[in-house]
Amino acid sequence: MATISIEHASKSFGSTKVLKDISLDVKDGEFLVLLGASGCGKSTLLNIIAGLEPMADGTIRLDGEVVNDVHPKNRDIAMVFQSYALYPNMTVERNIAFGLEMRKISKAERKATVREVASTLQIEHLLSRKPSQLSGGQRQRVAMGRALVRRPKIFLFDEPLSNLDAKLRGEMRTEIKKLHQTLKATMVYVTHDQIEAMTLADRIAIMKDGEIQQIGTPQEIYSKPANMYVAGFVGAPPMNFVEVDLVKREEQLGAILPAVLKGEPVDHFLPLPNSKHLEARENTKVILGLRPEIITDSTSTHSSAPEIECDVEFLEPTGADTLCIIRLNGHPAKARVSPLFACPPGESMRFTLDTHRACLFDPTTEQAIT
Amino acid sequence: MSHPQQRKQQMSVLDRLQRYLPQLVVAPPFLLLVFFVYGFIAWTGIISLTNSRMLPTFDVQGIQQYVRLLAMDRWNVAFDNLLIFGSLYILFSITIGCVLAVLLDQRIRAEGALRTIYLYPMAISFIVTGTAWKWILNPSLGIESYMQKLGWESFQFDWIVNRDMAIYVVVIAAVWQASGFVMALFLSALRTVDEDIIRAAHLDGASTTRIYFGIILPSLRPVFLSAFVILAHLSIKSFDLVVALTNGGPGYSSTLPANFMYEMAFRRNQIGLGAASAMMMLATVAAIIVPYLYSELRAKRHG
Amino acid sequence: MAEPKTLPGANGKRHLLGRLFIWTLLLAAAVLYLGPIYVVLSTSLKDLAEIRAGALLDLPHELNFTAWREAWSSACIGVRCEGLRPYFLNSVIMSVPSVAISTLIGALSGYALSLFRFRGANIIFALMLFGCFIPFQIVILPMAQTLGFLGVANSITGLIVVHTIYGISFTTLFFRNYYVSVPQELVRAATMDGAGFFRIFWHIMLPLSVPIIVVSVIWQFTQVWNEFLFGASFTSGGSQPVTVALNNLINSTTSVKQYNVDMAAALIAAAPTLVVYIIAGRFFVRGLTAGAVKG
Ligand SMILES: Nc1ncnc2c1ncn2[C@@H]1O[C@H](COP(=O)(O)OP(=O)(O)OP(=O)(O)O)[C@@H](O)[C@H]1O
Ligand SMILES: [Mg+2]
């Protein structure tokens, strides 16, 4: 059992508020990812969980027990740091064993445990080296080994893969995932890489300026973002935002989507399904959020969805798909189409819009309209 | 892992202490320095306001020691000497050090050996330096008589026994000792100059001389500044060199404020006066150091 | 840096002249720097008759070490005729503990001030730093009284106390500036591993600190060994350090001037710091520049 529960945590450095009234629950065995832009307070939150930073306000519980005043070493938590923080003067073996040494575990037992961890991570041949003689990926493994060796009930990771190249990052991601499945330990993982977040997380917490914007499964975060920040932060290329008028035509509430066809402005009417909750907003402006894959070539989806026709300004082929840049309400927007059907720039093309998956946001509060 | 009961207990005593260990460790040296630096400055300040003679008293009278001090010829000579000594010492040390650094920066094969030679005087005490130069410059058996014996009958170099020139002898010895240090400062700064800038300037057709005067030396302004501050600070503290070289003489023509202070405090039972002169020295140092530190720290904060 | 020589089309002859000019200046300077130590050394090896003959710059006729022996063990300083040896030992006894203690204290406080940035750490550091800048004349009068009060006036112990205290400013500066560049995550990782303040210091920081320890030790040793003001102010007679004894020897007016003994004594007094400089010059320079670029 290892749950983490944070209530109303806040923290300032000098006059800058770094964490503002954060509440968060992590379930036993869960893999929670803290995702957010640089400087939003992710590391600070992680350090608070670890006990490395004192909190200004709030309580933190591990397994229901308040640990605000418990020293980090007594929290049974291990942490992997962004810079790995390997002890430069010690061999890999001693680096891994140091935590056990400090806990007065006998030498023989230490040795055996280190061997075991090293073989899991496939770094046995490195045990007698110093950190300076290791490659980035090897250092990363040693840092993981240092955390694993103590068999803690909670693991904290602070951007552990951000110093690796893309290929290695992919490999390590898989290994961390495997590790989580075998250990079944509770893990909190900080990153600003959304792919990492989506692939690893049971749940993701999106942070901005010291506040949690949304917590949910990767799928929830992706398809039902709580606000425009989350919607724009997750997904690549990001969601298209178009300001539209909500109007009723033939008893059907829909959005007026201004586009460009053969150089001329044209308004498409886009009927919105399940629009009861929008009745009150008739004749007001809302922000329509359309992920690129929602706007796609007419040929590849079912025909019940509404279609629009507009000019393609240019193309960005990505391999699997091609992105068509079109103009919606004066701003460029991206549509994801099959390379087979992409029109050359300058010509016009028919797109299907899967309005069931469209998001709507309030233009002033930027919150999702539900 | 550990028993929850035991865990709580450990926290309350040991870990709370752990949390304040950094402060606890810094506190003793900090308090020592507060007492022995700031406390002593205040203490000396108080003595300077008394009539202390043989022994310090704490019977504050006012500023008459300072009035006496400023009226004393001996003090005024010492202070004028400080101005002469300080400005020449700084000027020559920086010029020579800078020239040597630039010359050494020209891919000299024996750079290591030469650097060692230029810098060794800095490892020697002022007393030894003074002893050596005193011997070299003594008129009866030193360089003067040697030159005359070589046949240069009119050669004269008797500054060390010349009232008007003795302070310049102190300058010579001091520059000999410190210029290598300035060289080291500049050389290490020159090594950090971005080579691409120099390559680019070469491509623009600038000569090596032009590159140094136009680009590199101006970019070393902070080094000039810190060299200036260090040398100024050293010159105000200068004491031992004068003691060993001229002992302030002939008469008191080559005394510096530091020698004045020592003389009053330890030889003439004028402790109040000595304290006043020490305060004047501190003020002089502060006038140079405080603006420097202030600008340094401010630059750091913004940088 | 990029040398014109390596660039195609540079004027070979002009370049050669330039090199000649540079070398002339550098060698002339080297002669000027080495001159004094040559004169001192050669004088110390001559006998008095040879010195009186006035050939200052000439090599000694023969190597004569009597002056060295006399300077070391029988020259009269004040009323004692035991040479520099007892004072040299005083200096050793004085410098070893004060260097060791002030380096240790500086390492600990530098470590605490840089890697545990508690509230006020920077102000405390700035206040401690000021001790590097004061002219020591400002502290000698109160210090004389305080040493008397502590019962260590006119003793080597007293000098050890003084040098240790005023060394702390410098050593703290060295270590603090060194540890500032150590990543804070290292301390955090060790904290998670269960190491406390002192164990992190002992197991992780000290092994990393060898270069700065060398710098600090060399700097402190040079300072303490060469120091004169404190020695002259707080000690007399048998407890004086070697610099003060040397000065007394040189400036004694009682007997016939034995220049060769004076010079040998000067070299003996200078020898320890010179030796340190020659074997560890690199660290010495680092100490100078680190001490120079304060803050
Ligand atoms: N010791 C400190 N003193 C002052 N401000 C700090 C300190 N540590 C962090 N901050 C500030 O707190 C904010 C949050 O820092 P934090 O390290 O938690 O961000 P982060 O989300 O982890 O960013 P990154 O992705 O770049 O690691 C930043 O604006 C940072 O400048
Ligand atoms: Mg971070």
# chains A, B, ... in the order shown; residues from 1 in each chain; ligands from 1
$ residues_near_ligand --ligand "ligand 1" --cutoff "10 Å" --atoms "only C-alpha atoms and all ligand atoms" --output "VMD selection string"
(chain A and resid 11 to 19 34 to 48 53 82 158 to 159 162 190 to 193 207 to 210) or (chain C and resid 116 to 118 184)
$ residues_around --residues "region 283-286 of chain B" --least-positions-apart "2" --cutoff "9 Å" --atoms "only C-alpha atoms" --output "PDB file with N, CA, C and O atoms, in the first residue's frame"
ATOM      1  N   ALA B 232      45.168  48.589  -4.646  1.00  0.00           N
ATOM      2  CA  ALA B 232      44.886  49.728  -3.772  1.00  0.00           C
ATOM      3  C   ALA B 232      44.790  49.251  -2.335  1.00  0.00           C
ATOM      4  O   ALA B 232      45.368  49.851  -1.413  1.00  0.00           O
ATOM      5  N   HIS B 233      44.090  48.150  -2.174  1.00  0.00           N
ATOM      6  CA  HIS B 233      43.903  47.570  -0.858  1.00  0.00           C
ATOM      7  C   HIS B 233      45.240  47.151  -0.255  1.00  0.00           C
ATOM      8  O   HIS B 233      45.557  47.464   0.898  1.00  0.00           O
ATOM      9  N   ILE B 236      47.343  50.221   0.849  1.00  0.00           N
ATOM     10  CA  ILE B 236      46.932  50.857   2.100  1.00  0.00           C
ATOM     11  C   ILE B 236      47.409  50.038   3.298  1.00  0.00           C
ATOM     12  O   ILE B 236      47.785  50.569   4.330  1.00  0.00           O
ATOM     13  N   LYS B 237      47.433  48.711   3.127  1.00  0.00           N
ATOM     14  CA  LYS B 237      47.874  47.858   4.231  1.00  0.00           C
ATOM     15  C   LYS B 237      49.396  47.787   4.343  1.00  0.00           C
ATOM     16  O   LYS B 237      49.907  47.232   5.296  1.00  0.00           O
ATOM     17  N   ALA B 278      44.276  54.241  12.520  1.00  0.00           N
ATOM     18  CA  ALA B 278      43.728  52.995  11.977  1.00  0.00           C
ATOM     19  C   ALA B 278      42.344  53.236  11.393  1.00  0.00           C
ATOM     20  O   ALA B 278      41.997  52.688  10.334  1.00  0.00           O
ATOM     21  N   MET B 279      41.559  54.049  12.079  1.00  0.00           N
ATOM     22  CA  MET B 279      40.226  54.347  11.560  1.00  0.00           C
ATOM     23  C   MET B 279      40.320  55.067  10.214  1.00  0.00           C
ATOM     24  O   MET B 279      39.537  54.820   9.299  1.00  0.00           O
ATOM     25  N   MET B 280      41.298  55.957  10.116  1.00  0.00           N
ATOM     26  CA  MET B 280      41.482  56.667   8.843  1.00  0.00           C
ATOM     27  C   MET B 280      41.852  55.677   7.739  1.00  0.00           C
ATOM     28  O   MET B 280      41.373  55.778   6.599  1.00  0.00           O
ATOM     29  N   MET B 281      42.679  54.699   8.078  1.00  0.00           N
ATOM     30  CA  MET B 281      43.042  53.687   7.073  1.00  0.00           C
ATOM     31  C   MET B 281      41.831  52.884   6.648  1.00  0.00           C
ATOM     32  O   MET B 281      41.623  52.625   5.462  1.00  0.00           O
ATOM     33  N   ILE B 288      37.266  52.647  -1.238  1.00  0.00           N
ATOM     34  CA  ILE B 288      37.535  51.941  -2.492  1.00  0.00           C
ATOM     35  C   ILE B 288      36.727  50.647  -2.594  1.00  0.00           C
ATOM     36  O   ILE B 288      36.139  50.342  -3.629  1.00  0.00           O
ATOM     37  N   ILE B 289      36.694  49.912  -1.493  1.00  0.00           N
ATOM     38  CA  ILE B 289      36.107  48.566  -1.534  1.00  0.00           C
ATOM     39  C   ILE B 289      34.585  48.593  -1.601  1.00  0.00           C
ATOM     40  O   ILE B 289      33.973  47.830  -2.343  1.00  0.00           O
ATOM     41  N   VAL B 290      33.980  49.459  -0.805  1.00  0.00           N
ATOM     42  CA  VAL B 290      32.519  49.403  -0.707  1.00  0.00           C
ATOM     43  C   VAL B 290      31.829  49.649  -2.049  1.00  0.00           C
ATOM     44  O   VAL B 290      30.979  48.857  -2.456  1.00  0.00           O
ATOM     45  N   PRO B 291      32.217  50.709  -2.768  1.00  0.00           N
ATOM     46  CA  PRO B 291      31.567  50.872  -4.086  1.00  0.00           C
ATOM     47  C   PRO B 291      31.829  49.695  -5.017  1.00  0.00           C
ATOM     48  O   PRO B 291      30.942  49.253  -5.742  1.00  0.00           O
TER      49      PRO B 291
ATOM     50  N   PHE C 133      38.878  42.183   3.629  1.00  0.00           N
ATOM     51  CA  PHE C 133      39.267  43.498   3.119  1.00  0.00           C
ATOM     52  C   PHE C 133      39.808  44.450   4.173  1.00  0.00           C
ATOM     53  O   PHE C 133      40.429  45.434   3.832  1.00  0.00           O
ATOM     54  N   ILE C 134      39.531  44.178   5.443  1.00  0.00           N
ATOM     55  CA  ILE C 134      39.932  45.175   6.435  1.00  0.00           C
ATOM     56  C   ILE C 134      41.447  45.249   6.535  1.00  0.00           C
ATOM     57  O   ILE C 134      42.142  44.245   6.419  1.00  0.00           O
ATOM     58  N   PRO C 135      41.979  46.456   6.721  1.00  0.00           N
ATOM     59  CA  PRO C 135      43.396  46.550   7.068  1.00  0.00           C
ATOM     60  C   PRO C 135      43.540  46.100   8.517  1.00  0.00           C
ATOM     61  O   PRO C 135      42.785  46.546   9.376  1.00  0.00           O
TER      62      PRO C 135
END
$ interface_residues --of "chain A" --to "chain B" --cutoff "8 Å" --atoms "only C-alpha atoms" --output "compact mmCIF listing (two decimals) with all heavy atoms, in the first residue's frame"
# COMPACT_ATOMS: atom_id res chain seq x y z
N ASP A 69 6.28 16.62 8.69
CA ASP A 69 7.51 16.80 9.45
C ASP A 69 8.41 15.58 9.43
O ASP A 69 9.34 15.49 10.21
CB ASP A 69 7.17 17.14 10.90
CG ASP A 69 6.70 18.59 11.00
OD1 ASP A 69 7.12 19.39 10.15
OD2 ASP A 69 5.90 18.89 11.89
N VAL A 70 8.12 14.64 8.54
CA VAL A 70 8.97 13.44 8.50
C VAL A 70 10.14 13.68 7.56
O VAL A 70 9.99 14.23 6.47
CB VAL A 70 8.14 12.22 8.06
CG1 VAL A 70 9.05 11.01 7.87
CG2 VAL A 70 7.07 11.91 9.08
N HIS A 71 11.30 13.32 8.02
CA HIS A 71 12.51 13.53 7.21
C HIS A 71 12.45 12.68 5.93
O HIS A 71 11.92 11.56 5.96
CB HIS A 71 13.72 13.13 8.05
CG HIS A 71 15.03 13.57 7.46
ND1 HIS A 71 15.72 12.79 6.57
CD2 HIS A 71 15.74 14.71 7.60
CE1 HIS A 71 16.81 13.43 6.20
NE2 HIS A 71 16.85 14.60 6.82
N ASN A 74 13.05 9.00 5.95
CA ASN A 74 12.09 8.13 6.63
C ASN A 74 10.75 8.03 5.91
O ASN A 74 9.79 7.52 6.46
CB ASN A 74 11.86 8.64 8.06
CG ASN A 74 13.14 8.60 8.86
OD1 ASN A 74 13.98 7.73 8.63
ND2 ASN A 74 13.32 9.54 9.75
N ASP A 76 10.38 6.55 2.98
CA ASP A 76 10.39 5.37 2.11
C ASP A 76 10.07 5.73 0.67
O ASP A 76 9.23 5.13 0.03
CB ASP A 76 9.42 4.32 2.65
CG ASP A 76 9.78 2.93 2.13
OD1 ASP A 76 10.86 2.80 1.52
OD2 ASP A 76 8.99 2.00 2.32
$ closest_residue --among "A:Ala9, A:Val80, A:Leu200, A:Val117" --to "ligand 2" --atoms "only C-alpha atoms and all ligand atoms"
A:Val80
$ residues_around --residues "region 44-55 of chain B" --least-positions-apart "2" --cutoff "10 Å" --atoms "only C-alpha atoms" --output "ChimeraX atom specification"
/B:38-42,57-66,264-279 /C:137-143,145
$ residues_around --residues "region 168-177 of chain C" --least-positions-apart "3" --cutoff "7 Å" --atoms "only C-alpha atoms" --output "compact mmCIF listing (two decimals) with N, CA and C atoms, in the first residue's frame"
# COMPACT_ATOMS: atom_id res chain seq x y z
N SER C 102 41.54 26.67 10.04
CA SER C 102 40.75 27.63 9.25
C SER C 102 40.26 26.99 7.95
N THR C 103 41.04 26.07 7.39
CA THR C 103 40.55 25.40 6.18
C THR C 103 39.33 24.53 6.50
N ILE C 105 37.18 24.89 8.98
CA ILE C 105 36.01 25.74 9.28
C ILE C 105 35.48 26.36 7.99
N GLY C 106 36.41 26.82 7.14
CA GLY C 106 35.98 27.43 5.88
C GLY C 106 35.23 26.43 5.01
N ALA C 107 35.71 25.18 5.00
CA ALA C 107 35.03 24.17 4.18
C ALA C 107 33.63 23.94 4.69
N SER C 109 31.72 25.93 6.59
CA SER C 109 30.77 27.05 6.47
C SER C 109 30.51 27.35 4.99
N GLY C 110 31.51 27.17 4.14
CA GLY C 110 31.25 27.34 2.71
C GLY C 110 30.22 26.35 2.21
N TYR C 111 30.33 25.12 2.70
CA TYR C 111 29.38 24.06 2.34
C TYR C 111 27.97 24.42 2.80
N LEU C 113 26.81 27.37 3.53
CA LEU C 113 26.30 28.61 2.94
C LEU C 113 25.91 28.43 1.47
N SER C 114 26.52 27.46 0.78
CA SER C 114 26.25 27.39 -0.65
C SER C 114 25.23 26.32 -0.99
N MET C 128 30.70 37.98 6.28
CA MET C 128 31.94 37.26 6.58
C MET C 128 33.04 37.67 5.60
N LEU C 129 32.63 37.95 4.37
CA LEU C 129 33.58 38.30 3.33
C LEU C 129 34.33 39.58 3.65
N GLY C 131 35.72 40.54 6.12
CA GLY C 131 36.96 40.29 6.83
C GLY C 131 38.17 40.17 5.93
N CYS C 132 37.95 39.87 4.63
CA CYS C 132 39.08 39.79 3.70
C CYS C 132 39.66 41.17 3.39
N THR C 164 43.88 31.93 12.67
CA THR C 164 42.73 31.10 12.36
C THR C 164 41.50 31.97 12.11
N ILE C 165 41.28 32.90 13.01
CA ILE C 165 40.06 33.71 12.89
C ILE C 165 40.07 34.50 11.58
N VAL C 180 29.36 26.46 -4.81
CA VAL C 180 28.22 27.04 -5.51
C VAL C 180 28.01 26.35 -6.85
N ILE C 212 40.26 22.48 -4.25
CA ILE C 212 40.05 23.72 -3.50
C ILE C 212 40.69 23.61 -2.12
N SER C 216 43.25 26.33 -0.80
CA SER C 216 43.05 26.98 0.48
C SER C 216 44.25 26.78 1.40
N ALA C 290 41.45 33.48 -7.30
CA ALA C 290 40.16 33.29 -6.63
C ALA C 290 40.01 34.29 -5.50
$ residues_around --residues "His268 (chain A)" --least-positions-apart "4" --cutoff "9 Å" --atoms "only C-alpha atoms" --output "CSV table (one decimal) with N, CA, C and O atoms, in the first residue's frame"
chain,number,residue,atom,x,y,z
A,255,ALA,N,-22.6,26.2,-35.5
A,255,ALA,CA,-21.7,27.2,-35.5
A,255,ALA,C,-21.5,27.7,-36.9
A,255,ALA,O,-21.5,26.9,-37.9
A,256,ILE,N,-21.3,29.0,-37.0
A,256,ILE,CA,-20.9,29.6,-38.3
A,256,ILE,C,-19.4,29.6,-38.5
A,256,ILE,O,-18.7,30.2,-37.7
A,257,LEU,N,-18.9,28.8,-39.4
A,257,LEU,CA,-17.5,28.7,-39.6
A,257,LEU,C,-17.0,29.4,-40.8
A,257,LEU,O,-17.2,29.0,-41.9
A,258,PRO,N,-16.4,30.6,-40.6
A,258,PRO,CA,-15.9,31.3,-41.8
A,258,PRO,C,-14.7,30.7,-42.4
A,258,PRO,O,-13.7,30.5,-41.7
A,259,ALA,N,-14.7,30.4,-43.7
A,259,ALA,CA,-13.6,29.8,-44.4
A,259,ALA,C,-13.3,30.5,-45.7
A,259,ALA,O,-13.9,31.6,-45.9
A,307,GLU,N,-19.7,18.5,-43.9
A,307,GLU,CA,-18.5,18.7,-44.8
A,307,GLU,C,-18.4,20.2,-45.0
A,307,GLU,O,-19.3,20.9,-45.0
A,308,ILE,N,-17.1,20.6,-45.2
A,308,ILE,CA,-16.9,21.9,-45.7
A,308,ILE,C,-15.9,21.9,-46.8
A,308,ILE,O,-15.2,20.9,-47.0
A,309,GLU,N,-16.0,22.9,-47.7
A,309,GLU,CA,-15.0,22.9,-48.8
A,309,GLU,C,-14.2,24.2,-48.6
A,309,GLU,O,-14.8,25.3,-48.4
$ select_by_dssp --residues "region 27-275 of chain B" --states "helix (DSSP H, G or I)" --output "MDAnalysis selection string"
chainID B and resid 27:47 64:71 73:104 111:123 126:137 143:150 159:161 166:190 195:203 208:219 221:237 240:245 257:267 271:275
$ residues_around --residues "Gly180 (chain B)" --least-positions-apart "3" --cutoff "10 Å" --atoms "only C-alpha atoms" --output "list in words"
Ser93, Ile94, Ile96, Gly97, Cys98, Leu100, Ala101, Arg115, Thr116, Ile117, Tyr118, Leu119, Tyr120, Pro121, Met122, Val175, Trp176, Gln177, Met183, Ala184, Leu185 and Phe186 of chain B; Tyr33 of chain C
$ residues_around --residues "Val187 (chain C)" --least-positions-apart "5" --cutoff "10 Å" --atoms "only C-alpha atoms" --output "MDAnalysis selection string"
(chainID A and resid 52 85 87) or (chainID C and resid 115:116 182 192:193 195:197 200:201 204:205)
$ write_last_selection --atoms "all heavy atoms" --output "tab-separated table (two decimals), in the first residue's frame"
chain	number	residue	atom	x	y	z
A	52	LEU	N	12.01	17.25	0.49
A	52	LEU	CA	13.24	18.03	0.30
A	52	LEU	C	13.00	19.52	0.42
A	52	LEU	O	13.93	20.29	0.62
A	52	LEU	CB	13.86	17.71	-1.06
A	52	LEU	CG	14.39	16.29	-1.21
A	52	LEU	CD1	14.70	15.98	-2.65
A	52	LEU	CD2	15.62	16.10	-0.35
A	85	ALA	N	22.44	13.20	-10.77
A	85	ALA	CA	23.06	13.43	-9.46
A	85	ALA	C	23.81	12.20	-8.95
A	85	ALA	O	23.70	11.82	-7.80
A	85	ALA	CB	22.01	13.87	-8.44
A	87	TYR	N	27.05	10.35	-7.55
A	87	TYR	CA	28.17	10.84	-6.75
A	87	TYR	C	29.45	10.64	-7.54
A	87	TYR	O	29.86	9.50	-7.79
A	87	TYR	CB	28.24	10.10	-5.41
A	87	TYR	CG	26.90	10.04	-4.71
A	87	TYR	CD1	26.36	8.84	-4.29
A	87	TYR	CD2	26.16	11.20	-4.49
A	87	TYR	CE1	25.13	8.79	-3.65
A	87	TYR	CE2	24.93	11.16	-3.88
A	87	TYR	CZ	24.41	9.95	-3.46
A	87	TYR	OH	23.20	9.91	-2.85
C	115	LEU	N	25.26	25.20	-0.30
C	115	LEU	CA	24.38	24.11	-0.71
C	115	LEU	C	23.12	24.01	0.13
C	115	LEU	O	22.21	23.26	-0.18
C	115	LEU	CB	25.14	22.78	-0.67
C	115	LEU	CG	26.21	22.70	-1.76
C	115	LEU	CD1	27.16	21.56	-1.54
C	115	LEU	CD2	25.55	22.57	-3.14
C	116	PHE	N	23.04	24.78	1.20
C	116	PHE	CA	21.81	24.83	2.00
C	116	PHE	C	21.43	26.29	2.10
C	116	PHE	O	21.70	26.95	3.08
C	116	PHE	CB	22.05	24.26	3.40
C	116	PHE	CG	22.51	22.84	3.37
C	116	PHE	CD1	23.82	22.53	3.13
C	116	PHE	CD2	21.61	21.81	3.56
C	116	PHE	CE1	24.25	21.22	3.08
C	116	PHE	CE2	22.02	20.49	3.52
C	116	PHE	CZ	23.34	20.20	3.28
C	182	VAL	N	28.58	23.23	-7.44
C	182	VAL	CA	28.17	21.82	-7.27
C	182	VAL	C	26.65	21.76	-7.35
C	182	VAL	O	25.97	22.54	-6.70
C	182	VAL	CB	28.64	21.28	-5.90
C	182	VAL	CG1	28.03	19.92	-5.62
C	182	VAL	CG2	30.15	21.19	-5.85
C	192	MET	N	17.98	11.87	0.10
C	192	MET	CA	17.03	10.78	-0.13
C	192	MET	C	17.66	9.44	0.23
C	192	MET	O	16.97	8.53	0.70
C	192	MET	CB	16.60	10.72	-1.59
C	192	MET	CG	15.87	11.93	-2.12
C	192	MET	SD	14.33	12.25	-1.29
C	192	MET	CE	13.36	10.86	-1.78
C	193	ASP	N	18.96	9.33	-0.01
C	193	ASP	CA	19.64	8.09	0.32
C	193	ASP	C	19.83	7.93	1.82
C	193	ASP	O	20.34	6.92	2.28
C	193	ASP	CB	21.01	8.03	-0.37
C	193	ASP	CG	20.90	7.38	-1.75
C	193	ASP	OD1	19.88	6.76	-2.01
C	193	ASP	OD2	21.85	7.51	-2.54
C	195	ALA	N	21.60	10.19	3.90
C	195	ALA	CA	22.78	10.80	4.50
C	195	ALA	C	22.41	12.16	5.06
C	195	ALA	O	21.65	12.90	4.45
C	195	ALA	CB	23.88	10.94	3.45
C	196	GLY	N	22.96	12.49	6.21
C	196	GLY	CA	22.69	13.79	6.82
C	196	GLY	C	23.75	14.79	6.45
C	196	GLY	O	24.64	14.53	5.62
C	197	PHE	N	23.67	15.96	7.05
C	197	PHE	CA	24.56	17.09	6.75
C	197	PHE	C	26.04	16.68	6.77
C	197	PHE	O	26.77	16.91	5.82
C	197	PHE	CB	24.28	18.19	7.77
C	197	PHE	CG	25.10	19.43	7.60
C	197	PHE	CD1	24.69	20.42	6.73
C	197	PHE	CD2	26.28	19.61	8.31
C	197	PHE	CE1	25.44	21.57	6.58
C	197	PHE	CE2	27.03	20.75	8.16
C	197	PHE	CZ	26.61	21.74	7.29
C	200	ILE	N	27.00	13.79	4.22
C	200	ILE	CA	27.11	14.27	2.84
C	200	ILE	C	28.43	15.00	2.67
C	200	ILE	O	29.16	14.83	1.69
C	200	ILE	CB	25.93	15.21	2.49
C	200	ILE	CG1	24.62	14.45	2.58
C	200	ILE	CG2	26.11	15.79	1.09
C	200	ILE	CD1	23.41	15.31	2.35
C	201	PHE	N	28.75	15.80	3.68
C	201	PHE	CA	30.01	16.55	3.64
C	201	PHE	C	31.19	15.58	3.55
C	201	PHE	O	32.06	15.72	2.70
C	201	PHE	CB	30.12	17.40	4.89
C	201	PHE	CG	31.37	18.23	4.96
C	201	PHE	CD1	31.56	19.27	4.06
C	201	PHE	CD2	32.34	17.98	5.91
C	201	PHE	CE1	32.71	20.03	4.11
C	201	PHE	CE2	33.50	18.73	5.96
C	201	PHE	CZ	33.67	19.76	5.06
C	204	ILE	N	30.70	12.81	0.30
C	204	ILE	CA	30.51	13.28	-1.07
C	204	ILE	C	31.26	14.58	-1.35
C	204	ILE	O	31.97	14.70	-2.34
C	204	ILE	CB	29.02	13.42	-1.38
C	204	ILE	CG1	28.39	12.03	-1.29
C	204	ILE	CG2	28.78	14.01	-2.76
C	204	ILE	CD1	26.92	12.03	-1.17
C	205	MET	N	31.10	15.57	-0.47
C	205	MET	CA	31.70	16.87	-0.77
C	205	MET	C	33.22	16.86	-0.62
C	205	MET	O	33.93	17.32	-1.50
C	205	MET	CB	31.10	17.95	0.13
C	205	MET	CG	29.68	18.24	-0.21
C	205	MET	SD	29.51	18.61	-1.96
C	205	MET	CE	27.85	18.05	-2.23
$ interface_residues --of "chain B" --to "chain C" --cutoff "7 Å" --atoms "only C-alpha atoms" --output "number ranges by chain"
B: 18, 21-22, 25-26, 30, 33, 37, 40-41, 43-44, 103, 114, 117-118, 123-125, 127-128, 132-133, 141-143, 145-146, 176, 185, 195, 198-199, 226, 230, 237, 240, 244, 258, 278-279, 282
$ write_last_selection --atoms "C-alpha atoms" --output "compact mmCIF listing (two decimals), in the first residue's frame"
# COMPACT_ATOMS: atom_id res chain seq x y z
CA GLN B 18 19.35 18.04 11.28
CA LEU B 21 22.47 22.00 11.19
CA PRO B 22 23.60 24.34 8.39
CA VAL B 25 27.49 25.10 11.69
CA VAL B 26 27.77 28.59 10.25
CA PHE B 30 30.01 33.93 11.76
CA LEU B 33 33.91 37.22 12.69
CA VAL B 37 35.87 42.18 12.73
CA PHE B 40 36.87 45.24 16.93
CA ILE B 41 36.24 48.03 14.45
CA TRP B 43 36.24 48.96 19.73
CA THR B 44 39.06 50.71 17.87
CA LEU B 103 53.59 39.08 -24.56
CA LEU B 114 58.61 32.41 -17.59
CA ILE B 117 59.75 33.33 -12.82
CA TYR B 118 57.49 36.37 -12.97
CA ALA B 123 55.22 33.77 -2.66
CA ILE B 124 57.85 35.61 -0.64
CA SER B 125 57.15 37.69 2.42
CA ILE B 127 60.18 41.23 4.90
CA VAL B 128 62.34 39.05 2.68
CA ALA B 132 66.87 41.72 -0.55
CA TRP B 133 66.27 45.13 -2.05
CA LEU B 141 78.27 47.81 -1.34
CA GLY B 142 75.24 47.55 -3.57
CA ILE B 143 74.47 48.24 -7.18
CA SER B 145 79.26 50.90 -5.99
CA TYR B 146 79.24 47.92 -8.36
CA TRP B 176 58.76 43.86 -8.41
CA LEU B 185 45.36 37.80 -13.43
CA GLU B 195 38.91 32.84 -30.06
CA ILE B 198 39.98 37.06 -32.82
CA ARG B 199 39.61 34.90 -35.92
CA SER B 226 39.75 44.08 -9.79
CA ILE B 230 43.38 44.58 -4.93
CA LYS B 237 47.87 47.86 4.23
CA ASP B 240 56.19 45.15 6.40
CA ALA B 244 62.33 45.93 6.26
CA ALA B 258 50.34 51.62 8.53
CA ALA B 278 43.73 53.00 11.98
CA MET B 279 40.23 54.35 11.56
CA LEU B 282 39.84 51.73 7.31
$ interface_residues --of "chain C" --to "chain A" --cutoff "8 Å" --atoms "only C-alpha atoms" --output "list in words"
Pro183, Glu185, Leu186, Arg188, Ala189, Ala190, Thr191, Met192, Asp193, Gly194, Ala195, Ile204, Pro207 and Leu208 of chain C
